[in-house]
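Here is the structure we will look at, set down as structure tokens.
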Amino acid sequence: MSFKGERLQDAEEIICYEPGIEVVKLSSVTNQSVRAQVKIAPDCSLGEHHLRLRAATGISELRTFMVGTFPIIEETEPNDDPSKAQKIPLNSTVAGVIKSEDVDCFAVELKQGQRFSAEIEGIRLGRANFDPRLTVFDEHHAIVGDADDTWLSMQDPFLSFLVPSNGTYIVQVREVTYGGNDNCQYLLHMGAFPRPGSVYPLGGKAGETIAFAFFSGATGWFTNQIKLPAVPQNKFGIYAELEGLTAPSPNWIRVSGFANVLATAGNHDRQHATMTDLQPPLALNGVLSEKGQEDWFRFPATKGTVLEVKVFARRLRSPLDSVIEIFDAKGQTIASDDDAAGVDSFLKFTPAESTNYFLRVRDTLGHGGPDFVYRVELDGVRPLITLKIPEVARNDTQSRQ
Ligand SMILES: [Ca+2]
Ligand SMILES: [Ca+2]
Ligand SMILES: [Ca+2]
């Protein structure tokens with residue numbers, strides 16, 4: 001691990017904010033660079049870890065370090081031309097940089113019918129405003145896969161497909177407009193791992209073990225049993241596992257203090273609404289898997305007790321642009337919303353009677369698909385204090401006026 005910067009000559013310590021990374025020693029400390037030997041524990045949590053360098057005369061801004069499951073291979077230039085592609089074994093992570101007008105090519109040997117996934121972590125490393133693009137070519141220079149941005153990982157692309165025929169494939173990384181600089185660092189994961197774009201349900205009750213179903217075109221749906229943390233969390237990353245391999249980055253869910261209600265098959269009109277007798281707070285979960293689909297739920301509410309109805313879809317990287325409506329027991333609309341929380345919907349209503357109410361969920365443009373997952377939380381109004389610190393930079397949590 002190396003740190004680069006200014007006035008580092010009296011560095012004394014690396015402060016790690018999460019467990020699992022042990023600093024064995026600091027070496028070759030100069031005023032502009034510090035190298036460290038670190039040991040990562042086998043049970044170290046995957047994903048982003050947060051570090052600071054402490055020197056005798058000050059402390060650095062926060063920096064991030066990603067922990068993954070694959071061995072890291074450094075990119076070697078020249079690799080711009082496919083004929084110079086660097087050979088990479090499957091289930092490896094390449095650490096590279098895209099400089100101005102740079103193109104990086106890697107060669108992988110693939111067998112017909114096997115699953116091949118490639119995923120870039122670029123913008124998510126938080127080093128630069130980097131917009132990577134990922135393209136895979138076969139031996140005849142025909143494009144087999146091409147991705148720029150994704151719902152799950154935003155500007156970072158991934159691909160996952162079943163290999164059409166045996167051969168040497170070229171995996172190409174570049175900046176989408178052929179820009180780049182020394183800070184456009186990336187991790188490129190390549191292998192047979194699963195790369196689901198969506199997970200269902202989008203949350204669960206704190207402390208419970210829940211069956212989460214992951215989906216990608218290359219795997220179909222598959223299920224993992226995952227134990228949720230004991231305390232509610234607004235956004236929690238879960239890593240899909242299939243055939244002993246783990247996805248390189250998480251899918252995002254909610255960990256709540258209340259139970260799930262799952263959509264029942266065919267709940268696409270009021271007569272076939274998914275019915276629950278659970279009183280709120282609760283979470284309604286479903287997938288708008290077909291174009292034009294709408295999902296209906298029936299739930300009880302208490303006269304005069306204000307309810308907040310919050311959709312979590314786009315915030316958790318679902319492509320869904322939700323619209324919700326609340327109907328009373330007679331079928332009259334009493335509240336509706338489209339975009340009160342970004343493109344996610346939010347509304348408050350006060351039940352006039354203690355009776356059953358209906359909720360309808362749909363996509364604003366009638367889109368649908370296996371990744372159009374949603375979660376609607378029905379909760380009472382709770383007192384809340386929010387503290388906001390002006391964001392100076394993504395990785396700077398120190399106060400600065
Ligand atoms: Ca290159
Ligand atoms: Ca992109
Ligand atoms: Ca909306």
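By convention here, the chains of the structure tokens are called A, B, ... in the order presented, each chain's residues are numbered starting at 1, and ligands are numbered starting at 1 in the order presented.
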Problem set entry | 6 Å contact set for stretch 95-104 of chain A, only C-alpha atoms, chain neighbours under 6 positions out, as a count of residues only | 16
Problem set entry | Residue set, stretch 170-258 of chain A restricted to strand (DSSP E or B), as a ChimeraX atom specification | /A:170-175,185-191,198-200,203-205,209-216,220-227,233-238,241-242,245-246,251-256
Exercise. Quick one: residues within 10 Å of A:Leu245, only C-alpha atoms counted, chain neighbours fewer than 5 positions away excluded, as a VMD selection string?
Worked result: chain A and resid 69 to 70 91 191 to 194 240
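Using only C-alpha atoms, the protein and nucleic acid residues lying no more than 9 Å from A:Thr264, apart from those fewer than 2 places from it along its own chain, are Leu262, Gly266, Asn267, His272, Ala273, Thr274, Met275 and Gly286 of chain A.
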Please report as a tab-separated table every residue of stretch 273-347 of chain A lying within 12 Å of stretch 153-166 of chain A, along with the nearest atom pair and their distance in Å (one decimal), using only C-alpha atoms.
```
residue	atom	partner	partner_atom	distance
A:Arg314	CA	A:Met154	CA	11.2
A:Arg315	CA	A:Met154	CA	11.5
A:Leu316	CA	A:Ser153	CA	10.3
A:Arg317	CA	A:Ser153	CA	7.7
A:Ser318	CA	A:Ser153	CA	10.6
A:Pro319	CA	A:Met154	CA	10.9
```
Seminar exercise, completed: Using only C-alpha atoms, the best pick from A:Lys291, A:Arg298, A:Lys87, A:Lys227 as closest to A:Asp277 would be A:Arg298
Problem set entry | Residue nearest A:Phe372 - candidates A:Phe297, A:Phe222, A:Tyr200, A:Phe258, atoms counted: only C-alpha atoms |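 Among the listed residues, A:Tyr200 lies closest to A:Phe372.
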Exercise. Any idea what's packed within 10 Å of A:Ser60, counting only C-alpha atoms, ignoring anything in its chain fewer than 5 positions away? Could you give it as a list in words?
Worked result: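 Everything that qualifies: Gly5, Glu6, Leu8, Ala11, Ile14, Ile15, Leu51, Arg52, Leu53, Arg54, Ala55, Asp396 and Gln398 of chain A.
With the cut-off set to 8 Å and only C-alpha atoms and all ligand atoms counted, the residues surrounding ligand 3 are Leu320, Asp321, Ser322, Val323, Asp337, Asp338, Asp339, Ala340, Gly342, Val343, Asp344, Ser345, Asp363 and Thr364 of chain A.
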For this session: Residues within 9 Å of ligand 2 should be enumerated using only C-alpha atoms and all ligand atoms and returned as an MDAnalysis selection string.
Result: chainID A and resid 122:123 130:134 147:150 154:157 175:176
Residue subset to file, keeping N, CA and C atoms, as a short mmCIF file (atom, residue, chain, number, x, y, z; two decimals), in the first residue's frame:
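See again34.cif below for the written result:
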```cif
data_model
loop_
_atom_site.label_atom_id
_atom_site.label_comp_id
_atom_site.auth_asym_id
_atom_site.auth_seq_id
_atom_site.Cartn_x
_atom_site.Cartn_y
_atom_site.Cartn_z
N GLY A 122 -14.26 2.33 -10.90
CA GLY A 122 -13.49 3.51 -11.29
C GLY A 122 -13.99 4.72 -10.53
N ILE A 123 -15.17 5.22 -10.95
CA ILE A 123 -15.74 6.37 -10.23
C ILE A 123 -15.96 6.02 -8.76
N PHE A 130 -14.13 10.03 -13.08
CA PHE A 130 -13.71 9.09 -14.13
C PHE A 130 -14.96 8.37 -14.64
N ASP A 131 -15.12 8.34 -15.97
CA ASP A 131 -16.29 7.67 -16.57
C ASP A 131 -15.81 6.54 -17.47
N PRO A 132 -15.55 5.36 -16.90
CA PRO A 132 -14.97 4.28 -17.70
C PRO A 132 -15.98 3.59 -18.62
N ARG A 133 -15.45 3.02 -19.69
CA ARG A 133 -16.25 2.22 -20.62
C ARG A 133 -15.54 0.88 -20.81
N LEU A 134 -16.34 -0.17 -20.96
CA LEU A 134 -15.82 -1.54 -21.01
C LEU A 134 -16.34 -2.22 -22.27
N ALA A 147 -20.37 -1.91 -22.47
CA ALA A 147 -21.14 -1.25 -21.40
C ALA A 147 -20.46 0.05 -21.03
N ASP A 148 -21.28 1.07 -20.76
CA ASP A 148 -20.76 2.35 -20.31
C ASP A 148 -21.23 2.59 -18.87
N ASP A 149 -22.51 2.89 -18.69
CA ASP A 149 -23.04 3.15 -17.35
C ASP A 149 -24.06 2.07 -17.00
N THR A 150 -24.28 1.86 -15.70
CA THR A 150 -25.21 0.82 -15.26
C THR A 150 -26.08 1.38 -14.12
N MET A 154 -23.71 2.97 -11.58
CA MET A 154 -23.71 4.31 -12.17
C MET A 154 -22.68 4.43 -13.29
N GLN A 155 -21.66 5.29 -13.15
CA GLN A 155 -20.73 5.48 -14.27
C GLN A 155 -19.83 4.27 -14.50
N ASP A 156 -19.78 3.37 -13.55
CA ASP A 156 -18.93 2.18 -13.69
C ASP A 156 -19.68 1.08 -14.45
N PRO A 157 -19.06 0.52 -15.49
CA PRO A 157 -19.73 -0.53 -16.26
C PRO A 157 -19.41 -1.94 -15.76
N GLU A 175 -11.59 5.63 -21.08
CA GLU A 175 -12.50 6.67 -20.61
C GLU A 175 -13.46 6.93 -21.77
N VAL A 176 -14.72 7.23 -21.46
CA VAL A 176 -15.75 7.24 -22.50
C VAL A 176 -15.46 8.28 -23.59
#
```
Exercise. Hey, what's within 9 Å of A:Asn260 if we count only C-alpha atoms and toss same-chain stuff fewer than 2 positions away? As a list in words, please?
Worked result: Pro201, Gly203, Gly204, Lys205, Phe258, Leu262, Leu282, Ala283, Leu284 and Asn285 of chain A
Exercise. Which is closest to A:Thr355 among A:Gly207, A:Pro196, A:Gly220, A:Pro300, if we use only C-alpha atoms?
Worked result: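 Using only C-alpha atoms, A:Thr355 sits closest to A:Pro300.
Backbone DSSP over stretch 4-253 of chain A yields helix (DSSP H, G or I) at Pro82, Ser83, Lys84, Ile123, Arg124 and Leu125 of chain A.
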Can I get the selection written as a JSON list (two decimals), in the first residue's frame, with all heavy atoms?
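This is the output file selection16.json:
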```
[["chain", "number", "residue", "atom", "x", "y", "z"],
["A", 82, "PRO", "N", -4.81, -4.25, -29.22],
["A", 82, "PRO", "CA", -5.19, -5.62, -28.86],
["A", 82, "PRO", "C", -4.06, -6.63, -29.04],
["A", 82, "PRO", "O", -3.97, -7.61, -28.28],
["A", 82, "PRO", "CB", -6.35, -5.92, -29.81],
["A", 82, "PRO", "CG", -6.93, -4.58, -30.14],
["A", 82, "PRO", "CD", -5.78, -3.62, -30.12],
["A", 83, "SER", "N", -3.15, -6.36, -29.99],
["A", 83, "SER", "CA", -2.04, -7.29, -30.20],
["A", 83, "SER", "C", -1.05, -7.26, -29.02],
["A", 83, "SER", "O", -0.24, -8.16, -28.85],
["A", 83, "SER", "CB", -1.30, -6.96, -31.49],
["A", 83, "SER", "OG", -0.68, -5.70, -31.36],
["A", 84, "LYS", "N", -1.12, -6.20, -28.21],
["A", 84, "LYS", "CA", -0.24, -6.06, -27.03],
["A", 84, "LYS", "C", -1.00, -6.33, -25.73],
["A", 84, "LYS", "O", -0.54, -5.98, -24.64],
["A", 84, "LYS", "CB", 0.33, -4.63, -26.97],
["A", 84, "LYS", "CG", 1.20, -4.26, -28.17],
["A", 84, "LYS", "CD", 2.62, -4.66, -27.86],
["A", 84, "LYS", "CE", 3.58, -4.54, -29.04],
["A", 84, "LYS", "NZ", 3.42, -3.44, -29.95],
["A", 123, "ILE", "N", -15.17, 5.22, -10.95],
["A", 123, "ILE", "CA", -15.74, 6.37, -10.23],
["A", 123, "ILE", "C", -15.96, 6.02, -8.76],
["A", 123, "ILE", "O", -15.82, 6.86, -7.88],
["A", 123, "ILE", "CB", -17.08, 6.81, -10.89],
["A", 123, "ILE", "CG1", -17.63, 8.08, -10.26],
["A", 123, "ILE", "CG2", -18.15, 5.73, -10.84],
["A", 123, "ILE", "CD1", -16.92, 9.33, -10.65],
["A", 124, "ARG", "N", -16.24, 4.73, -8.49],
["A", 124, "ARG", "CA", -16.52, 4.32, -7.11],
["A", 124, "ARG", "C", -15.27, 4.32, -6.23],
["A", 124, "ARG", "O", -15.37, 4.22, -5.01],
["A", 124, "ARG", "CB", -17.20, 2.94, -7.09],
["A", 124, "ARG", "CG", -18.62, 2.99, -7.60],
["A", 124, "ARG", "CD", -19.24, 1.61, -7.66],
["A", 124, "ARG", "NE", -18.64, 0.80, -8.72],
["A", 124, "ARG", "CZ", -18.90, -0.49, -8.90],
["A", 124, "ARG", "NH1", -19.75, -1.11, -8.10],
["A", 124, "ARG", "NH2", -18.35, -1.15, -9.90],
["A", 125, "LEU", "N", -14.07, 4.39, -6.84],
["A", 125, "LEU", "CA", -12.86, 4.50, -6.02],
["A", 125, "LEU", "C", -12.71, 5.91, -5.45],
["A", 125, "LEU", "O", -11.92, 6.13, -4.53],
["A", 125, "LEU", "CB", -11.62, 4.14, -6.83],
["A", 125, "LEU", "CG", -11.57, 2.73, -7.43],
["A", 125, "LEU", "CD1", -10.26, 2.51, -8.16],
["A", 125, "LEU", "CD2", -11.76, 1.67, -6.36]]
```
Seminar exercise, completed: Judged by only C-alpha atoms and all ligand atoms, the minimum distance to ligand 1 among A:Val171, A:Ala352, A:Ala142, A:Leu152 is found for A:Val171
Problem set entry | A:Leu378 surroundings by only C-alpha atoms, 9 Å radius, close-in-sequence under 2 positions cut, as a ChimeraX atom specification | /A:280-284,307-310,376,380
Exercise. What is the distance, in Å and to one decimal place, between atom CA of A:Met66 and atom CA of A:Val144?
Worked result: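 Atom CA of A:Met66 sits 28.7 Å away from atom CA of A:Val144.
Comparing A:Val23, A:Met1, A:Cys105, A:Leu90 by their smallest distance to ligand 1, the closest is A:Cys105 (using only C-alpha atoms and all ligand atoms).
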